[in-house]
Each structure stands twice: as structure tokens, then as C-alpha cells.
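*Asks:* Sending over run37.cif (mmCIF, C-alpha atoms).
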```cif
data_query
loop_
_atom_site.group_PDB
_atom_site.id
_atom_site.type_symbol
_atom_site.label_atom_id
_atom_site.label_comp_id
_atom_site.auth_asym_id
_atom_site.auth_seq_id
_atom_site.Cartn_x
_atom_site.Cartn_y
_atom_site.Cartn_z
ATOM 1 C CA MET O 174 0.000 0.000 0.000
ATOM 2 C CA TYR O 175 1.271 3.489 -0.805
ATOM 3 C CA SER O 176 0.492 6.600 1.190
ATOM 4 C CA PRO O 177 -0.624 9.892 -0.335
ATOM 5 C CA LEU O 178 2.102 12.332 -1.448
ATOM 6 C CA PRO O 179 1.516 16.073 -1.108
ATOM 7 C CA ILE O 180 2.265 17.859 -4.391
ATOM 8 C CA ALA O 181 1.844 21.643 -4.578
ATOM 9 C CA GLY O 182 -0.817 21.671 -1.879
ATOM 10 C CA ARG O 183 -2.661 18.627 -3.244
ATOM 11 C CA THR O 184 -2.434 14.990 -2.335
ATOM 12 C CA GLU O 185 -2.286 12.272 -4.890
ATOM 13 C CA ALA O 186 -2.265 8.568 -4.272
ATOM 14 C CA TRP O 187 0.942 6.728 -4.977
ATOM 15 C CA THR O 188 0.824 3.832 -7.330
ATOM 16 C CA GLU O 189 3.634 1.484 -8.146
ATOM 17 C CA GLY O 190 3.900 3.030 -11.617
ATOM 18 C CA ALA O 191 4.035 6.546 -10.208
ATOM 19 C CA ALA O 192 6.761 5.510 -7.781
ATOM 20 C CA GLN O 193 8.840 4.203 -10.705
ATOM 21 C CA VAL O 194 8.293 7.407 -12.666
ATOM 22 C CA PHE O 195 9.311 9.416 -9.606
ATOM 23 C CA ARG O 196 12.540 7.414 -9.278
ATOM 24 C CA VAL O 197 13.355 8.005 -12.965
ATOM 25 C CA CYS O 198 12.545 11.719 -12.670
ATOM 26 C CA GLU O 199 14.594 11.970 -9.475
ATOM 27 C CA CYS O 200 17.619 10.454 -11.264
ATOM 28 C CA PHE O 201 17.111 12.770 -14.226
ATOM 29 C CA ALA O 202 16.801 15.799 -11.951
ATOM 30 C CA VAL O 203 20.073 14.959 -10.195
ATOM 31 C CA GLY O 204 21.813 14.799 -13.594
ATOM 32 C CA ALA O 205 20.106 17.987 -14.754
ATOM 33 C CA VAL O 206 21.195 19.895 -11.681
ATOM 34 C CA PHE O 207 24.762 18.784 -12.305
ATOM 35 C CA ALA O 208 24.617 19.814 -15.965
ATOM 36 C CA VAL O 209 22.925 23.159 -15.339
ATOM 37 C CA GLY O 210 25.183 24.046 -12.424
ATOM 38 C CA ARG O 211 28.484 23.340 -14.118
ATOM 39 C CA ASP O 212 30.710 26.057 -15.508
ATOM 40 C CA GLU O 213 33.241 23.863 -17.288
ATOM 41 C CA PHE O 214 31.611 23.686 -20.714
ATOM 42 C CA MET O 215 33.808 22.867 -23.693
ATOM 43 C CA ARG O 216 35.184 26.205 -24.905
ATOM 44 C CA ALA O 217 36.738 27.596 -28.047
ATOM 45 C CA VAL O 218 38.156 30.910 -29.138
ATOM 46 C CA VAL O 219 37.652 31.091 -32.903
ATOM 47 C CA THR O 220 39.327 33.669 -35.093
ATOM 48 C CA ARG O 221 38.458 34.224 -38.735
ATOM 49 C CA VAL O 222 41.803 34.187 -40.531
ATOM 50 C CA LYS O 223 43.274 34.775 -43.964
ATOM 51 C CA GLU O 224 45.965 32.257 -42.992
ATOM 52 C CA ALA O 225 47.279 30.518 -39.884
ATOM 53 C CA ALA O 226 50.004 28.047 -38.988
ATOM 54 C CA VAL O 227 51.277 26.122 -35.988
ATOM 55 C CA SER O 228 54.906 25.099 -35.471
ATOM 56 C CA ILE O 229 56.620 22.785 -33.028
ATOM 57 C CA ASP O 230 60.389 23.018 -32.570
ATOM 58 C CA GLY O 231 60.618 25.240 -35.646
ATOM 59 C CA ALA O 232 58.773 22.810 -37.948
ATOM 60 C CA VAL O 233 55.316 23.692 -39.314
ATOM 61 C CA THR O 234 52.892 20.941 -38.310
ATOM 62 C CA GLY O 235 49.709 22.513 -39.659
ATOM 63 C CA GLU O 236 48.728 25.467 -41.793
ATOM 64 C CA ILE O 237 45.634 26.786 -43.542
ATOM 65 C CA GLY O 238 44.609 29.623 -45.812
ATOM 66 C CA GLN O 239 41.201 31.217 -45.287
ATOM 67 C CA GLY O 240 39.228 29.725 -42.434
ATOM 68 C CA PHE O 241 39.135 29.454 -38.669
ATOM 69 C CA LEU O 242 41.912 29.279 -36.099
ATOM 70 C CA VAL O 243 40.296 27.324 -33.251
ATOM 71 C CA LEU O 244 41.821 27.373 -29.765
ATOM 72 C CA LEU O 245 39.986 24.488 -28.078
ATOM 73 C CA GLY O 246 39.631 23.911 -24.337
ATOM 74 C CA VAL O 247 38.056 20.830 -22.777
ATOM 75 C CA GLY O 248 36.432 20.713 -19.327
ATOM 76 C CA PRO O 249 36.368 17.691 -17.007
ATOM 77 C CA ALA O 250 32.628 17.059 -17.508
ATOM 78 C CA ASP O 251 32.771 17.240 -21.315
ATOM 79 C CA GLY O 252 32.039 14.244 -23.496
ATOM 80 C CA GLU O 253 31.485 13.112 -27.043
ATOM 81 C CA GLU O 254 28.181 15.004 -27.360
ATOM 82 C CA GLU O 255 29.845 18.313 -26.444
ATOM 83 C CA ALA O 256 32.620 17.737 -28.990
ATOM 84 C CA LYS O 257 30.066 17.056 -31.727
ATOM 85 C CA ARG O 258 27.826 19.996 -30.777
ATOM 86 C CA LEU O 259 30.728 22.461 -30.652
ATOM 87 C CA ALA O 260 32.093 21.255 -34.006
ATOM 88 C CA GLU O 261 28.685 21.805 -35.613
ATOM 89 C CA LYS O 262 28.260 25.257 -34.030
ATOM 90 C CA ILE O 263 31.655 26.451 -35.208
ATOM 91 C CA CYS O 264 31.566 24.944 -38.701
ATOM 92 C CA ARG O 265 28.089 26.320 -39.432
ATOM 93 C CA THR O 266 28.668 29.851 -38.123
ATOM 94 C CA ARG O 267 28.193 32.480 -40.838
ATOM 95 C CA VAL O 268 30.883 35.126 -40.353
ATOM 96 C CA PHE O 269 32.424 35.406 -43.813
ATOM 97 C CA SER O 270 31.419 38.344 -45.989
ATOM 98 C CA ASP O 271 29.119 37.949 -48.976
ATOM 99 C CA ALA O 272 29.205 40.175 -52.092
ATOM 100 C CA ALA O 273 27.351 42.913 -50.185
ATOM 101 C CA GLY O 274 29.889 42.872 -47.347
ATOM 102 C CA LYS O 275 27.491 41.235 -44.879
ATOM 103 C CA MET O 276 28.556 38.318 -42.680
ATOM 104 C CA ASN O 277 26.292 35.762 -44.349
ATOM 105 C CA LEU O 278 28.658 33.034 -45.493
ATOM 106 C CA ALA O 279 29.755 29.957 -43.553
ATOM 107 C CA LEU O 280 33.069 28.144 -43.710
ATOM 108 C CA GLU O 281 31.682 25.766 -46.328
ATOM 109 C CA ASP O 282 30.597 28.647 -48.570
ATOM 110 C CA VAL O 283 34.129 30.052 -48.779
ATOM 111 C CA GLY O 284 35.961 26.721 -49.020
ATOM 112 C CA GLY O 285 37.629 27.387 -45.670
ATOM 113 C CA ALA O 286 39.597 25.079 -43.404
ATOM 114 C CA LEU O 287 40.249 24.837 -39.680
ATOM 115 C CA LEU O 288 43.486 24.967 -37.712
ATOM 116 C CA VAL O 289 42.762 23.457 -34.284
ATOM 117 C CA VAL O 290 45.099 23.972 -31.334
ATOM 118 C CA SER O 291 44.531 22.495 -27.872
ATOM 119 C CA GLN O 292 44.305 25.253 -25.262
ATOM 120 C CA PHE O 293 43.815 24.192 -21.630
ATOM 121 C CA THR O 294 44.511 27.777 -20.538
ATOM 122 C CA LEU O 295 40.948 28.698 -21.561
ATOM 123 C CA TYR O 296 40.017 27.253 -18.159
ATOM 124 C CA ALA O 297 42.368 29.494 -16.193
ATOM 125 C CA ASP O 298 41.262 30.544 -12.727
ATOM 126 C CA LEU O 299 42.368 34.164 -12.590
ATOM 127 C CA SER O 300 41.323 34.881 -9.012
ATOM 128 C CA SER O 301 44.986 35.369 -8.093
ATOM 129 C CA ARG O 302 48.004 36.702 -9.937
ATOM 130 C CA ARG O 303 49.185 33.181 -10.776
ATOM 131 C CA PRO O 304 46.569 31.392 -12.906
ATOM 132 C CA GLY O 305 45.360 27.971 -11.843
ATOM 133 C CA PHE O 306 44.196 25.353 -14.341
ATOM 134 C CA SER O 307 42.408 22.811 -12.172
ATOM 135 C CA LYS O 308 39.121 23.408 -14.030
ATOM 136 C CA ALA O 309 40.596 22.085 -17.284
ATOM 137 C CA ALA O 310 40.151 18.412 -18.121
ATOM 138 C CA LYS O 311 43.104 16.132 -17.488
ATOM 139 C CA PRO O 312 44.916 14.952 -20.639
ATOM 140 C CA ALA O 313 43.328 11.481 -20.454
ATOM 141 C CA ILE O 314 39.920 13.129 -20.971
ATOM 142 C CA ALA O 315 40.925 16.152 -23.033
ATOM 143 C CA GLU O 316 43.050 14.546 -25.742
ATOM 144 C CA PRO O 317 40.432 12.063 -27.000
ATOM 145 C CA LEU O 318 37.823 14.860 -27.073
ATOM 146 C CA TYR O 319 40.239 17.160 -28.934
ATOM 147 C CA GLU O 320 40.666 14.368 -31.513
ATOM 148 C CA SER O 321 36.898 13.779 -31.560
ATOM 149 C CA PHE O 322 36.194 17.467 -32.178
ATOM 150 C CA MET O 323 38.514 17.400 -35.199
ATOM 151 C CA ALA O 324 36.964 14.149 -36.462
ATOM 152 C CA HIS O 325 33.498 15.744 -36.310
ATOM 153 C CA CYS O 326 34.762 18.755 -38.299
ATOM 154 C CA ARG O 327 36.228 16.378 -40.912
ATOM 155 C CA ALA O 328 32.945 14.423 -41.024
ATOM 156 C CA LEU O 329 31.204 17.705 -41.863
ATOM 157 C CA GLY O 330 33.478 17.931 -44.915
ATOM 158 C CA PHE O 331 36.202 20.297 -43.731
ATOM 159 C CA ARG O 332 39.977 20.083 -43.994
ATOM 160 C CA VAL O 333 41.413 20.173 -40.484
ATOM 161 C CA GLU O 334 45.020 20.931 -39.629
ATOM 162 C CA HIS O 335 46.286 20.845 -36.055
ATOM 163 C CA GLY O 336 49.105 21.092 -33.603
ATOM 164 C CA SER O 337 50.191 18.355 -31.222
ATOM 165 C CA PHE O 338 48.231 17.915 -28.013
ATOM 166 C CA GLY O 339 50.225 19.112 -25.007
ATOM 167 C CA ALA O 340 53.198 20.363 -27.034
ATOM 168 C CA ASP O 341 54.850 23.760 -26.758
ATOM 169 C CA MET O 342 53.567 25.361 -29.965
ATOM 170 C CA GLN O 343 54.044 28.631 -31.779
ATOM 171 C CA VAL O 344 50.894 29.811 -33.538
ATOM 172 C CA THR O 345 50.870 32.514 -36.210
ATOM 173 C CA SER O 346 47.834 33.980 -37.900
ATOM 174 C CA VAL O 347 46.686 36.812 -40.115
ATOM 175 C CA ASN O 348 43.365 37.776 -38.581
ATOM 176 C CA ASP O 349 40.604 38.723 -40.998
ATOM 177 C CA GLY O 350 38.431 41.602 -39.780
ATOM 178 C CA PRO O 351 39.372 40.965 -37.052
ATOM 179 C CA VAL O 352 36.546 38.618 -36.164
ATOM 180 C CA THR O 353 37.072 36.610 -32.980
ATOM 181 C CA LEU O 354 34.264 34.669 -31.328
ATOM 182 C CA LEU O 355 33.897 32.801 -28.041
ATOM 183 C CA PHE O 356 32.061 29.480 -28.266
ATOM 184 C CA ASP O 357 30.954 26.996 -25.646
ATOM 185 C CA THR O 358 28.545 24.107 -25.514
ATOM 186 C CA GLU O 359 26.173 25.745 -23.045
#
```
As C-alpha cells, what does this structure read like?
*Replies:*
Amino acid sequence: MYSPLPIAGRTEAWTEGAAQVFRVCECFAVGAVFAVGRDEFMRAVVTRVKEAAVSIDGAVTGEIGQGFLVLLGVGPADGEEEAKRLAEKICRTRVFSDAAGKMNLALEDVGGALLVVSQFTLYADLSSRRPGFSKAAKPAIAEPLYESFMAHCRALGFRVEHGSFGADMQVTSVNDGPVTLLFDTE
């Protein structure tokens, strides 16, 4: 036998089915609170460029002409879905000028490419003079998601160049506009 449950000033009889629904909703709500309350969404700083390159130890490891330079940061709660969603958001953003000078064209429309560089410093805690990076995902989480993000961009039909995860890199770019955008998966 189930006792009545007060809901918003009313009482409703419990049934076994309702109890199961409540348990499912309770589990969902716990997950939703975690997702809504988090501030470590996957992040990217995206610059529209005429050209960009990344070098490691003096050797160019990736370079593009027109397109996006993507500095990608991964948070500890990020997963495959965030990598896919962020790739789609960035690749479909219309910030290239059309014939009238309006930002109406997407990367695909201009035949652009992406240069993706891992950037854990996007999660810097700047509450003191020495930044802390504990909010960034550890390499075991971040590197596969960095690779996944690039794979999703390739699956959308784009050429993707990149640096080397965790390496000391030198990045050069000729910014176009300049147009620089902040993306996250929120």
C-alpha cells in the first residue's frame, strides 16, 4: 500500500507506476542539476583568418589559408556530445562576408579550413596573480575529445590541420576583420 504524497498543496495517491516514474525523474533531476550548475563547458576561441600556422620546434605541423583558427579547451565534464555539438556550431557559423559585405557566409561557402590547437589555458582561474588550471580536463579526458572534435569537423566535410596535443607550440595567424568569437557548448 502506498500513502498519499503532497504535491503543490494537493495529495495524490501513490501507485507502483508513479513511484517508478518518480525514481526516474529523481535520477534525471540529479543529472540535470549537475549539468545546469556546471561552468566547465567545452570552450573555443575562434578567429576568422586569412591564414594561420602552428609550429613545433621550428617545424610547421599545420597550416591553412582562409578559415578558422580554433583554440579548443576541454572541461572535465565534457564528453562526445559536447565535442560534436561544438564542431557543428563552429563549422556552421556564418561570419564570412558575402558580395554585399554582410557576414552571411559559412566556412563551407568560402571553401575554408580549420586549424585546431589544444588550449587548456581557456580554463584558467584568474582569481589570483598566478593562474590555476584545475578546471581544465586532465589529458586522459581532453586529448580524446580534442581528436573527436577534429573528427566531427572532418565528417562535416572540412579540412582540419592541427598542432600536437600538449606540445609547446608557436601559432601565427593573419586575422581577418578581425573577427574573434567565443564558443561553448552551453
*Asks:* For Glu255 (chain O), list every protein, DNA or RNA residue within 9 Å, evaluated using all atoms listed in the file, and leave out those in the same chain fewer than 4 positions away; present the list as a PyMOL selection string.
*Replies:* chain O and resi 214-215+251+259-260+318+322+357-359
*Asks:* Go through O:Gln343, O:Val222, O:Phe356, O:Gln292 and flag the residue nearest Ala310 (chain O), using all atoms listed in the file for the distances.
*Replies:* O:Gln292
*Asks:* Could you work out how far CA of Arg216 (chain O) lies from CA of Lys257 (chain O), giving the answer in Å with one decimal?
*Replies:* 12.5 Å
*Asks:* Determine the nearest neighbour of Thr266 (chain O) from the options O:Ala340, O:Ala309, O:Ile314, O:Val352, counting all atoms listed in the file.
*Replies:*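 Ranking O:Ala340, O:Ala309, O:Ile314, O:Val352 by distance to Thr266 (chain O), first place goes to O:Val352.
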*Asks:* Take the PyMOL selection byres ((chain O and resi 227) around 9), apply it to the structure above, and return the hits as a list of chain:residue names.
*Replies:*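 This file, filtered by the PyMOL selection byres ((chain O and resi 227) around 9), leaves O:Ala225, O:Ala226, O:Ser228, O:Ile229, O:Ala232, O:Val233, O:Thr234, O:Gly235, O:Glu236, O:Leu288, O:Val290, O:Glu334, O:His335, O:Gly336, O:Met342, O:Gln343, O:Val344, O:Thr345, O:Ser346.
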*Asks:* For CA of Tyr296 (chain O) and CA of Val218 (chain O), quote the distance in Å rounded to one decimal.
*Replies:*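 That distance, rounded to one decimal, is 11.7 Å.
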*Asks:* What separation in Å, quoted to one decimal, exists between CA of Leu355 (chain O) and CA of Asp282 (chain O)?
*Replies:* 21.2 Å
*Asks:* So that I can see what lies close to Thr294 (chain O), please list as a list in words the residues with an atom at most 9 Å from it, counting all atoms listed in the file and leaving out residues fewer than 4 positions away in the same chain.
*Replies:* Gly246, Asp298, Pro304, Gly305, Phe306 and Ala309 of chain O
*Asks:* So that I can see what lies close to Arg221 (chain O), please list as a ChimeraX atom specification the residues with an atom at most 8 Å from it, counting all atoms listed in the file and leaving out residues fewer than 4 positions away in the same chain.
*Replies:* /O:239-242,268-269,348-353
